[in-house]
Structure formats: structure tokens, C-alpha cells
>>> print(open('coords_4.tsv').read())   # TSV, C-alpha atoms
chain	number	residue	atom	x	y	z
A	3	MET	CA	0.00	0.00	0.00
A	4	ALA	CA	1.68	3.21	-1.17
A	5	PHE	CA	1.35	6.68	0.31
A	6	ALA	CA	2.10	9.86	-1.61
A	7	PRO	CA	3.88	12.31	0.71
A	8	MET	CA	2.79	15.94	0.25
A	9	GLY	CA	4.11	17.38	3.48
A	10	PRO	CA	6.90	19.79	4.46
A	11	GLU	CA	10.62	19.51	3.74
A	12	ALA	CA	12.56	16.79	5.54
A	13	SER	CA	14.29	19.43	7.69
A	14	PHE	CA	10.91	20.26	9.25
A	15	PHE	CA	11.00	16.93	11.10
A	16	GLU	CA	14.52	17.27	12.57
A	17	VAL	CA	13.37	17.89	16.16
A	18	LEU	CA	10.72	15.17	15.84
A	19	ASP	CA	13.35	12.72	14.61
A	20	GLN	CA	15.59	13.61	17.55
A	21	HIS	CA	12.66	13.05	19.91
A	22	ARG	CA	12.01	9.66	18.38
A	23	ALA	CA	15.68	8.74	18.74
A	24	SER	CA	15.52	9.59	22.45
A	25	LEU	CA	12.39	7.45	22.85
A	26	LEU	CA	14.09	4.50	21.16
A	27	ALA	CA	17.17	4.94	23.33
A	28	ALA	CA	14.95	4.90	26.44
A	29	LEU	CA	13.33	1.68	25.23
A	30	LYS	CA	16.72	0.04	24.74
A	31	ARG	CA	17.67	1.00	28.28
A	32	GLY	CA	14.45	-0.62	29.43
A	33	GLY	CA	13.10	2.58	30.93
A	34	GLY	CA	10.23	4.94	30.36
A	35	GLU	CA	10.14	8.39	31.84
A	36	THR	CA	11.96	9.78	34.81
A	37	SER	CA	11.68	7.29	37.62
A	38	GLY	CA	8.74	7.39	39.96
A	39	ARG	CA	6.45	5.10	41.86
A	40	GLY	CA	3.45	5.57	44.02
A	41	THR	CA	0.52	3.69	45.43
A	42	HIS	CA	-3.13	4.58	45.49
A	43	LEU	CA	-5.93	2.24	46.52
A	44	ALA	CA	-5.65	-0.99	44.51
A	45	SER	CA	-3.44	0.49	41.79
A	46	ARG	CA	0.25	1.27	41.67
A	47	PHE	CA	1.98	3.69	39.36
A	48	GLU	CA	5.15	2.70	37.52
A	49	ASP	CA	6.63	5.10	35.02
A	50	SER	CA	7.11	2.44	32.32
A	51	VAL	CA	3.59	1.04	32.62
A	52	GLY	CA	1.23	3.59	34.14
A	53	LEU	CA	-1.42	2.67	36.68
A	54	HIS	CA	-1.60	-1.07	37.19
A	55	MET	CA	-3.23	-3.30	39.76
A	56	VAL	CA	-1.15	-4.43	42.72
A	57	SER	CA	-1.07	-8.12	43.64
A	58	HIS	CA	-2.15	-7.55	47.24
A	59	CYS	CA	-5.28	-5.44	46.98
A	60	THR	CA	-8.65	-5.33	48.64
A	61	THR	CA	-11.12	-7.84	47.19
A	62	ARG	CA	-14.84	-8.34	47.63
A	63	LYS	CA	-16.75	-11.60	47.85
A	64	ILE	CA	-20.00	-12.38	46.10
A	65	LYS	CA	-21.89	-15.29	47.65
A	66	SER	CA	-24.70	-17.39	46.24
A	67	ASP	CA	-26.33	-17.75	49.68
A	68	SER	CA	-26.41	-14.04	50.51
A	69	LEU	CA	-29.54	-12.00	49.81
A	70	LYS	CA	-27.36	-8.95	49.13
A	71	SER	CA	-25.35	-10.55	46.35
A	72	VAL	CA	-27.39	-13.51	45.05
A	73	LYS	CA	-28.67	-11.60	42.00
A	74	ASN	CA	-25.20	-10.35	41.09
A	75	PHE	CA	-23.86	-13.88	41.55
A	76	ALA	CA	-26.50	-15.21	39.15
A	77	LEU	CA	-25.73	-12.53	36.57
A	78	ILE	CA	-22.02	-13.34	36.72
A	79	LEU	CA	-22.77	-17.03	36.12
A	80	LYS	CA	-25.05	-16.16	33.19
A	81	ILE	CA	-22.42	-14.00	31.50
A	82	LEU	CA	-19.73	-16.61	32.21
A	83	SER	CA	-21.88	-19.23	30.45
A	84	MET	CA	-22.23	-16.89	27.45
A	85	ILE	CA	-18.47	-16.32	27.40
A	86	TYR	CA	-17.91	-20.08	27.48
A	87	LYS	CA	-20.14	-20.52	24.40
A	88	LEU	CA	-18.36	-17.69	22.57
A	89	VAL	CA	-14.92	-19.18	23.25
A	90	GLN	CA	-16.05	-22.71	22.35
A	91	SER	CA	-17.52	-21.57	19.03
A	92	ASN	CA	-14.70	-19.06	18.36
A	93	THR	CA	-17.22	-16.28	17.83
A	94	TYR	CA	-17.38	-12.77	19.22
A	95	ALA	CA	-20.06	-10.53	20.70
A	96	THR	CA	-20.20	-6.93	21.83
A	97	LYS	CA	-21.20	-5.85	25.32
A	98	ARG	CA	-24.34	-4.45	23.73
A	99	ASP	CA	-25.13	-7.87	22.20
A	100	ILE	CA	-24.89	-9.47	25.63
A	101	TYR	CA	-27.15	-6.86	27.20
A	102	TYR	CA	-29.87	-7.42	24.60
A	103	THR	CA	-29.92	-11.20	25.13
A	104	ASP	CA	-31.97	-10.43	28.23
A	105	SER	CA	-32.32	-6.67	28.75
A	106	GLN	CA	-35.04	-7.10	31.38
A	107	LEU	CA	-32.84	-9.34	33.50
A	108	PHE	CA	-29.76	-7.10	33.30
A	109	GLY	CA	-31.72	-3.88	33.77
A	110	ASN	CA	-29.20	-1.59	32.07
A	111	GLN	CA	-25.97	-1.67	30.07
A	112	THR	CA	-23.88	-0.46	33.01
A	113	VAL	CA	-24.58	-3.69	34.91
A	114	VAL	CA	-23.25	-5.77	32.01
A	115	ASP	CA	-20.18	-3.55	31.57
A	116	SER	CA	-19.32	-3.79	35.26
A	117	ILE	CA	-19.67	-7.58	35.39
A	118	ILE	CA	-17.54	-8.06	32.27
A	119	ASN	CA	-14.80	-5.89	33.80
A	120	ASP	CA	-15.04	-7.91	37.03
A	121	ILE	CA	-14.73	-11.20	35.15
A	122	SER	CA	-11.77	-9.92	33.13
A	123	CYS	CA	-10.07	-8.76	36.33
A	124	MET	CA	-10.91	-11.96	38.22
A	125	LEU	CA	-9.52	-14.21	35.47
A	126	LYS	CA	-6.61	-11.81	34.83
A	127	VAL	CA	-7.12	-11.82	31.07
A	128	PRO	CA	-7.85	-8.97	28.62
A	129	ARG	CA	-11.50	-8.58	27.68
A	130	ARG	CA	-10.86	-9.67	24.09
A	131	CYS	CA	-9.71	-13.07	25.42
A	132	LEU	CA	-13.28	-13.47	26.67
A	133	HIS	CA	-14.38	-12.96	23.03
A	134	ILE	CA	-16.23	-9.80	24.06
A	135	LEU	CA	-15.67	-6.71	21.96
A	136	SER	CA	-16.51	-3.09	22.57
A	137	THR	CA	-18.34	-1.00	20.00
A	138	SER	CA	-15.81	1.47	18.61
A	139	LYS	CA	-16.53	5.18	18.55
A	140	GLY	CA	-13.06	6.42	17.62
A	141	LEU	CA	-11.79	7.59	14.23
A	142	ILE	CA	-8.41	7.40	12.51
A	143	ALA	CA	-6.96	9.20	9.50
A	144	GLY	CA	-3.62	9.73	7.79
A	145	ASN	CA	-0.63	7.70	6.68
A	146	LEU	CA	-1.72	4.23	7.77
A	147	GLY	CA	-2.84	1.04	6.14
A	148	TYR	CA	-3.71	-2.38	7.53
A	149	ILE	CA	-5.68	-5.56	6.87
A	150	GLU	CA	-8.65	-6.42	9.07
A	151	GLU	CA	-9.32	-9.88	10.44
A	152	ASP	CA	-11.74	-10.70	7.59
A	153	GLY	CA	-9.14	-9.74	4.95
A	154	THR	CA	-10.49	-6.24	4.22
A	155	LYS	CA	-7.72	-3.83	3.22
A	156	VAL	CA	-8.03	-0.44	4.90
A	157	ASN	CA	-6.35	2.76	3.72
A	158	CYS	CA	-6.68	5.62	6.20
A	159	SER	CA	-5.16	8.22	3.86
A	160	CYS	CA	-8.50	9.01	2.22
A	161	ALA	CA	-10.23	12.37	2.65
A	162	THR	CA	-12.66	10.98	5.22
A	163	ALA	CA	-11.73	9.29	8.49
A	164	VAL	CA	-11.96	5.54	9.10
A	165	ALA	CA	-13.71	4.02	12.11
A	166	VAL	CA	-11.39	2.37	14.63
A	167	PRO	CA	-11.74	-1.43	14.19
A	168	SER	CA	-13.75	-3.34	16.79
A	169	ASN	CA	-11.16	-6.12	16.97
A	170	ILE	CA	-7.74	-4.51	17.27
A	171	GLN	CA	-6.09	-7.85	17.98
A	172	GLY	CA	-7.23	-9.10	14.57
A	173	ILE	CA	-5.70	-6.36	12.40
A	174	ARG	CA	-2.40	-7.19	10.69
A	175	ASN	CA	0.12	-5.98	8.12
A	176	LEU	CA	0.14	-2.45	9.51
A	177	ILE	CA	2.15	-0.04	7.39
A	178	THR	CA	3.02	3.64	7.80
A	179	ASN	CA	5.70	6.18	7.02
A	180	GLY	CA	4.26	8.45	9.68
A	181	LYS	CA	6.57	10.75	11.60
A	182	PHE	CA	4.13	11.17	14.49
A	183	LEU	CA	0.69	10.28	15.81
A	184	LEU	CA	-1.61	13.07	17.00
A	185	ILE	CA	-4.38	12.16	19.46
A	186	VAL	CA	-7.16	14.75	19.24
A	187	GLU	CA	-9.53	14.99	22.20
A	188	LYS	CA	-12.70	16.16	20.44
A	189	ASP	CA	-14.35	15.01	17.23
A	190	ALA	CA	-15.15	18.61	16.22
A	191	THR	CA	-11.43	19.54	16.34
A	192	PHE	CA	-10.51	16.31	14.52
A	193	GLN	CA	-13.00	17.07	11.72
A	194	ARG	CA	-11.75	20.65	11.44
A	195	LEU	CA	-8.18	19.41	11.01
A	196	LEU	CA	-9.41	17.03	8.30
A	197	ASP	CA	-11.21	19.92	6.57
A	198	ASP	CA	-8.00	21.95	6.73
A	199	ASN	CA	-6.16	19.04	5.04
A	200	PHE	CA	-3.82	18.80	8.04
A	201	CYS	CA	-2.83	15.16	7.42
A	202	ASN	CA	-1.53	16.03	3.94
A	203	LYS	CA	0.07	19.32	4.94
A	204	MET	CA	1.94	17.59	7.77
A	205	SER	CA	2.41	14.34	5.85
A	206	PRO	CA	3.43	11.75	6.76
A	207	CYS	CA	1.41	11.58	9.99
A	208	ILE	CA	-1.52	9.83	11.67
A	209	MET	CA	-4.46	11.35	13.56
A	210	VAL	CA	-6.75	9.59	16.04
A	211	THR	CA	-9.72	10.75	18.10
A	212	GLY	CA	-11.62	8.92	20.81
A	213	LYS	CA	-14.36	11.57	20.65
A	214	GLY	CA	-13.85	12.59	24.26
A	215	VAL	CA	-13.13	9.94	26.87
A	216	PRO	CA	-11.60	7.15	24.74
A	217	ASP	CA	-13.26	3.77	24.37
A	218	LEU	CA	-11.23	0.59	24.85
A	219	ASN	CA	-10.61	0.00	21.13
A	220	THR	CA	-9.19	3.49	20.56
A	221	ARG	CA	-6.79	2.99	23.47
A	222	LEU	CA	-5.83	-0.47	22.17
A	223	LEU	CA	-5.17	0.99	18.71
A	224	VAL	CA	-2.92	3.77	20.07
A	225	LYS	CA	-1.03	1.15	22.07
A	226	LYS	CA	-0.69	-1.12	19.03
A	227	LEU	CA	0.63	1.72	16.87
A	228	TRP	CA	3.19	2.58	19.55
A	229	ASP	CA	4.31	-1.03	19.99
A	230	THR	CA	4.55	-1.54	16.21
A	231	PHE	CA	6.18	1.69	15.03
A	232	HIS	CA	7.52	3.56	18.10
A	233	ILE	CA	6.77	6.94	16.55
A	234	PRO	CA	6.25	10.02	18.76
A	235	ILE	CA	2.68	10.37	20.05
A	236	PHE	CA	1.21	13.72	21.04
A	237	THR	CA	-2.11	14.81	22.53
A	238	LEU	CA	-4.17	17.85	21.57
A	239	VAL	CA	-6.70	18.54	24.31
A	240	ASP	CA	-8.57	21.51	25.77
A	241	ALA	CA	-6.71	23.47	28.43
A	242	ASP	CA	-9.09	22.30	31.13
A	243	PRO	CA	-9.13	19.54	33.79
A	244	HIS	CA	-11.34	17.31	31.64
A	245	GLY	CA	-8.88	17.46	28.71
A	246	ILE	CA	-5.96	16.72	31.03
A	247	GLU	CA	-7.88	13.75	32.46
A	248	ILE	CA	-8.41	12.33	28.96
A	249	MET	CA	-4.71	12.75	28.17
A	250	CYS	CA	-3.83	10.92	31.40
A	251	ILE	CA	-6.07	7.99	30.42
A	252	TYR	CA	-4.13	7.50	27.17
A	253	LYS	CA	-0.76	7.95	28.86
A	254	TYR	CA	-1.16	6.36	32.29
A	255	GLY	CA	-4.48	4.50	32.21
A	256	SER	CA	-7.43	4.58	34.57
A	257	MET	CA	-8.21	3.01	37.93
A	258	SER	CA	-11.11	1.00	36.47
A	259	MET	CA	-8.88	-0.65	33.83
A	260	SER	CA	-5.65	-0.83	35.86
A	261	PHE	CA	-5.67	-4.64	35.65
A	262	GLU	CA	-5.08	-4.30	31.89
A	263	ALA	CA	-2.61	-1.41	31.96
A	264	HIS	CA	0.15	-3.30	30.13
A	265	ASN	CA	-2.12	-3.56	27.07
A	266	LEU	CA	-3.50	-0.03	27.15
A	267	THR	CA	-1.06	2.61	28.37
A	268	VAL	CA	1.61	4.53	26.45
A	269	PRO	CA	3.77	6.48	28.95
A	270	ALA	CA	5.79	7.93	26.04
A	271	ILE	CA	2.87	10.21	25.08
A	272	ARG	CA	3.60	13.94	25.25
A	273	TRP	CA	1.31	16.94	25.82
A	274	LEU	CA	1.42	19.12	22.70
A	275	GLY	CA	-1.43	21.51	23.46
A	276	LEU	CA	-3.45	23.42	24.34
A	277	LEU	CA	-1.14	24.38	27.22
A	278	PRO	CA	-2.40	26.84	29.85
A	279	SER	CA	0.84	28.80	29.32
A	280	ASP	CA	-0.08	29.17	25.62
A	281	ILE	CA	-3.08	31.30	26.60
A	282	LYS	CA	-0.88	34.13	27.88
A	283	ARG	CA	1.90	33.57	25.34
A	284	LEU	CA	-0.51	33.92	22.41
A	285	ASN	CA	-2.45	36.79	23.98
A	286	ILE	CA	-5.75	34.96	23.74
A	287	PRO	CA	-8.41	37.44	24.92
A	288	LYS	CA	-9.93	36.92	28.36
A	289	ASP	CA	-13.46	37.00	26.98
A	290	THR	CA	-12.75	33.73	25.13
A	291	LEU	CA	-11.76	32.00	28.39
A	292	ILE	CA	-14.13	30.16	30.72
A	293	PRO	CA	-14.01	30.33	34.53
A	294	LEU	CA	-13.24	27.04	36.29
A	295	THR	CA	-16.31	25.57	37.97
A	296	LYS	CA	-16.18	24.06	41.43
A	297	ARG	CA	-16.22	20.64	39.78
A	298	ASP	CA	-13.30	21.66	37.55
A	299	GLN	CA	-11.30	22.78	40.58
A	300	MET	CA	-11.99	19.49	42.37
A	301	LYS	CA	-10.88	17.54	39.30
A	302	LEU	CA	-7.72	19.63	38.97
A	303	ASP	CA	-6.87	19.16	42.65
A	304	SER	CA	-7.40	15.41	42.25
A	305	ILE	CA	-5.03	15.20	39.27
A	306	LEU	CA	-2.35	17.23	41.05
A	307	LYS	CA	-2.36	14.69	43.89
A	308	ARG	CA	-1.82	11.70	41.62
A	309	PRO	CA	1.52	9.87	41.88
A	310	TYR	CA	2.48	10.29	38.23
A	311	VAL	CA	2.36	14.10	38.45
A	312	THR	CA	5.51	13.94	40.59
A	313	CYS	CA	7.27	12.60	37.47
A	314	GLN	CA	5.93	15.47	35.37
A	315	PRO	CA	7.16	18.82	36.77
A	316	PHE	CA	6.29	20.63	33.53
A	317	TRP	CA	2.76	19.23	33.63
A	318	ARG	CA	2.44	20.32	37.24
A	319	LYS	CA	3.57	23.84	36.34
A	320	GLU	CA	0.94	24.06	33.58
A	321	MET	CA	-1.80	22.85	35.92
A	322	GLU	CA	-0.70	25.33	38.57
A	323	ILE	CA	-0.98	28.12	35.98
A	324	MET	CA	-4.55	26.99	35.36
A	325	ALA	CA	-5.31	26.78	39.09
A	326	ASP	CA	-3.89	30.26	39.74
A	327	SER	CA	-5.77	31.87	36.86
A	328	LYS	CA	-8.99	29.99	37.70
A	329	MET	CA	-9.66	29.96	33.94
A	330	LYS	CA	-9.81	27.29	31.25
A	331	ALA	CA	-9.79	27.43	27.45
A	332	GLU	CA	-11.07	25.27	24.64
A	333	ILE	CA	-8.97	24.62	21.55
A	334	GLN	CA	-11.53	26.68	19.61
A	335	ALA	CA	-10.23	29.79	21.42
A	336	LEU	CA	-7.39	29.80	18.86
A	337	THR	CA	-9.88	30.72	16.13
A	338	PHE	CA	-9.84	34.25	17.57
A	339	LEU	CA	-6.34	34.61	16.10
A	340	SER	CA	-7.51	33.25	12.73
A	341	SER	CA	-9.96	30.61	11.56
A	342	ASP	CA	-7.17	28.20	10.53
A	343	TYR	CA	-4.58	29.22	13.15
A	344	LEU	CA	-4.60	25.74	14.73
A	345	SER	CA	-3.64	23.86	11.56
A	346	ARG	CA	-1.66	26.62	9.80
A	347	VAL	CA	0.44	28.06	12.64
A	348	TYR	CA	-0.05	26.53	16.09
A	349	LEU	CA	0.48	22.83	15.39
A	350	PRO	CA	3.21	23.21	12.71
A	351	ASN	CA	5.26	25.47	15.02
A	352	LYS	CA	4.80	23.15	17.99
A	353	LEU	CA	5.91	20.14	15.93
A	354	LYS	CA	8.82	21.89	14.23
A	355	PHE	CA	10.33	23.48	17.33
A	356	GLY	CA	9.54	20.82	19.94
A	357	GLY	CA	6.77	22.62	21.82
A	358	TRP	CA	5.64	19.60	23.80
A	359	ILE	CA	6.08	18.56	27.40
>>> encode(input="coords_4.tsv", output="C-alpha cells")
Amino acid sequence: MAFAPMGPEASFFEVLDQHRASLLAALKRGGGETSGRGTHLASRFEDSVGLHMVSHCTTRKIKSDSLKSVKNFALILKILSMIYKLVQSNTYATKRDIYYTDSQLFGNQTVVDSIINDISCMLKVPRRCLHILSTSKGLIAGNLGYIEEDGTKVNCSCATAVAVPSNIQGIRNLITNGKFLLIVEKDATFQRLLDDNFCNKMSPCIMVTGKGVPDLNTRLLVKKLWDTFHIPIFTLVDADPHGIEIMCIYKYGSMSMSFEAHNLTVPAIRWLGLLPSDIKRLNIPKDTLIPLTKRDQMKLDSILKRPYVTCQPFWRKEMEIMADSKMKAEIQALTFLSSDYLSRVYLPNKLKFGGWI
């Protein structure tokens, strides 16, 4: 599968190439970021992995002879029997499929999702080994091609984005010349970059969006691209606590999925923008900023207390700038400077001169 590069001169990527060389050198040394460990509840942070479950953690028992847990026990057995049939027949189902086998019994989708996570954690196997897939919501575009499990050839370099596959484990023959992967927080920003022909202007590159909080398949895809190609990965998120939280999920994982951290996290991810310090540096007007809500402040305080922030002094500084100003900004605030400022000036300069942390 051939790709026709239309991007900038090779010299544009000098700093990116140096960054990639440093990432590869760190991999050879067997390390990740600057060293750091911490514990929190049932998860432990390690710089090379992210948040992962500790071996000696609090567990809960579900008994068949207890009125409090008998229904949950029965539901676990029902879903286990369905998993057994899926594995035996080598077929797959989505969480939604399982819910609709008996929606009245399960009550709501959240119950099914929680039980499947519990089973995956209990058996210490990734969810896909249970032959249960998640419905993908993410999109991918740019210099990437692969073959899906059924033999379908996919070329992501078309004008429109491609849906993230529902079975990441099944894709093969991945090919790219990409210099970097850009994770975009919001679908609206992702679509705007597509409209601005960003992938071709910055070719060769790859763009991914999880449309907000990423689903499992989008995280698995980002991890697979990192493991396969080891190209620099950057995040483009709003300068607010919610955007930082989403970036942390890609980079370090989440408490709820800490038992599968080795398959999901990419600690090599860097924060490209929008940085709180960019707001002042670019003279973005105050009337385009949004005051932090009480919920925002609580979220920001929570992130600042997390163990991995001790390994990220530059991240901490940016979050402290946000906390001191009590203001947040969406990526769309850059349109005040010009309608295409994000794709024409902001991102190219960041990528060319190493404006990531």
C-alpha cells in the first residue's frame, strides 16, 4: 500500500526525529520516563507502565447464599456461560449484544459492563480473550494502512476518516511512514483538522480521536501503533481539567482498567497543546476564556495529587498556571487569532520546534 507524501521539507521533522531517537534509546535502556512510583488504593503507578493493579489489593466476595449478592452472583454465572459458548464456538459478541440477550434481567448496560470488567479482572485476562468486543466510537486518518481480520484492506489516507476497528487484535500488516501520531480529544477539532487538510500538509502523519473519553478500542489501537512503530505520540486537548484527564487515560491508564494497563497505556505520550501557558503567550483574549467551575477545581486538585504528576514537573507547572488563573480554554479559542490558526500556525510550530512537554 503506497502513500504519496505531500508534506513539508525533511528538515521540518529534525526535532521530531531527535525526539524519536531519544524514545528509542529509552526503550533500549528498558526505561520509560523519569523514575517514579506511588501507590493509590488498589493500583500502583510505575513510570514504564502507568497505573496497574497491585497483587495484594482489597477484594470483595459475592456469595450465592447471601440476599445482598445472590442476583449479582446469578448474573455473573449467566455472562460466564455466554463467554464459554463464545470461546467454544470461536465467535465474538459486543457488550451491547450481551445486554440485549436479556435486557429485562440485566436492567441496564452499566450492569453488564461492570460484570464483564469484574470477570476480566478476576480471570486476569484482557477482555478480548473473553471474546467480548466493545463497540468502537473512535476515528483514525492519515498515513496508515492495515488488513482487518476478515481480509479487508483499509487505507486511512483518504479524505474521510476511518472508524477504529472493533477487533484490534485481529488487524495485521500495519504499514506507515508516519513521523508522528496526534491524538485529538474532540471530534469537532478532529473534523476541522481534516477539513484543513492537516494530514496532507503535515504528511506523513496519523491522527486519532476517541471523541472525548476514549473507548477501549481506541486505546488499544494507540497502544498497538506505539508497539509496532515507536513513533512520537502527542495529545491535543482543551486546556481544562477534563482534557488533562483524557490525556492521562491514554498515557497512564485509569483506575477501572488498571488490571489491563500493560495492554493499554503509552507512557511515552507527550502533551502538545493546548497548554495553559499558551493562553498568555498567544495573547488569547480573556473574553474567550471560561471560569473554572467548582467541579473543575476538584478535578484539577485530584489530578495534582496523583503519583504520576511527581514525574511530570512541567505538567504540574501548567496545571498550577490553570489553578492560579482559575480559567480554562477550549482549543476553539485559537480561532480568535484566525480561523485556521490551529492547523496553519499553532500545530506546525509546535511540531517543528519541539513545543511539547
>>> closest_residue(input="coords_4.tsv", among="A:Ala331, A:Met204, A:Ile177, A:Leu294", to="Phe14 in chain A", atoms="only C-alpha atoms")
A:Met204
>>> closest_residue(input="coords_4.tsv", among="A:Asn145, A:Asn265, A:Leu223, A:Ala325", to="Val127 in chain A", atoms="all atoms listed in the file")
A:Asn265
>>> residues_around(input="coords_4.tsv", residues="Phe200 in chain A", least_positions_apart="2", cutoff="10 Å", atoms="all atoms listed in the file", output="PyMOL selection string")
chain A and resi 9+144+192+194-198+202-205+207-209+344-346+349-350
>>> residues_around(input="coords_4.tsv", residues="Ala163 in chain A", least_positions_apart="5", cutoff="9 Å", atoms="all atoms listed in the file", output="list in words")
Leu141, Ile142, Ala143, Gly144, Cys158, Gln193 and Leu196 of chain A
>>> residues_around(input="coords_4.tsv", residues="range 150-153 of chain A", least_positions_apart="3", cutoff="10 Å", atoms="only C-alpha atoms", output="list in words")
Gly147, Val156, Pro167, Ser168, Asn169, Ile170, Gln171, Gly172, Ile173, Arg174, Asn175 and Leu176 of chain A
>>> atom_distance(input="coords_4.tsv", atom1="CA of Tyr310 in chain A", atom2="CA of Ser256 in chain A")
12.0 Å
>>> decode(input="coords_4.tsv", residues="range 193-245 of chain A", atoms="C-alpha atoms", output="compact mmCIF listing (two decimals), in the first residue's frame")
# COMPACT_ATOMS: atom_id res chain seq x y z
CA GLN A 193 -13.00 17.07 11.72
CA ARG A 194 -11.75 20.65 11.44
CA LEU A 195 -8.18 19.41 11.01
CA LEU A 196 -9.41 17.03 8.30
CA ASP A 197 -11.21 19.92 6.57
CA ASP A 198 -8.00 21.95 6.73
CA ASN A 199 -6.16 19.04 5.04
CA PHE A 200 -3.82 18.80 8.04
CA CYS A 201 -2.83 15.16 7.42
CA ASN A 202 -1.53 16.03 3.94
CA LYS A 203 0.07 19.32 4.94
CA MET A 204 1.94 17.59 7.77
CA SER A 205 2.41 14.34 5.85
CA PRO A 206 3.43 11.75 6.76
CA CYS A 207 1.41 11.58 9.99
CA ILE A 208 -1.52 9.83 11.67
CA MET A 209 -4.46 11.35 13.56
CA VAL A 210 -6.75 9.59 16.04
CA THR A 211 -9.72 10.75 18.10
CA GLY A 212 -11.62 8.92 20.81
CA LYS A 213 -14.36 11.57 20.65
CA GLY A 214 -13.85 12.59 24.26
CA VAL A 215 -13.13 9.94 26.87
CA PRO A 216 -11.60 7.15 24.74
CA ASP A 217 -13.26 3.77 24.37
CA LEU A 218 -11.23 0.59 24.85
CA ASN A 219 -10.61 0.00 21.13
CA THR A 220 -9.19 3.49 20.56
CA ARG A 221 -6.79 2.99 23.47
CA LEU A 222 -5.83 -0.47 22.17
CA LEU A 223 -5.17 0.99 18.71
CA VAL A 224 -2.92 3.77 20.07
CA LYS A 225 -1.03 1.15 22.07
CA LYS A 226 -0.69 -1.12 19.03
CA LEU A 227 0.63 1.72 16.87
CA TRP A 228 3.19 2.58 19.55
CA ASP A 229 4.31 -1.03 19.99
CA THR A 230 4.55 -1.54 16.21
CA PHE A 231 6.18 1.69 15.03
CA HIS A 232 7.52 3.56 18.10
CA ILE A 233 6.77 6.94 16.55
CA PRO A 234 6.25 10.02 18.76
CA ILE A 235 2.68 10.37 20.05
CA PHE A 236 1.21 13.72 21.04
CA THR A 237 -2.11 14.81 22.53
CA LEU A 238 -4.17 17.85 21.57
CA VAL A 239 -6.70 18.54 24.31
CA ASP A 240 -8.57 21.51 25.77
CA ALA A 241 -6.71 23.47 28.43
CA ASP A 242 -9.09 22.30 31.13
CA PRO A 243 -9.13 19.54 33.79
CA HIS A 244 -11.34 17.31 31.64
CA GLY A 245 -8.88 17.46 28.71
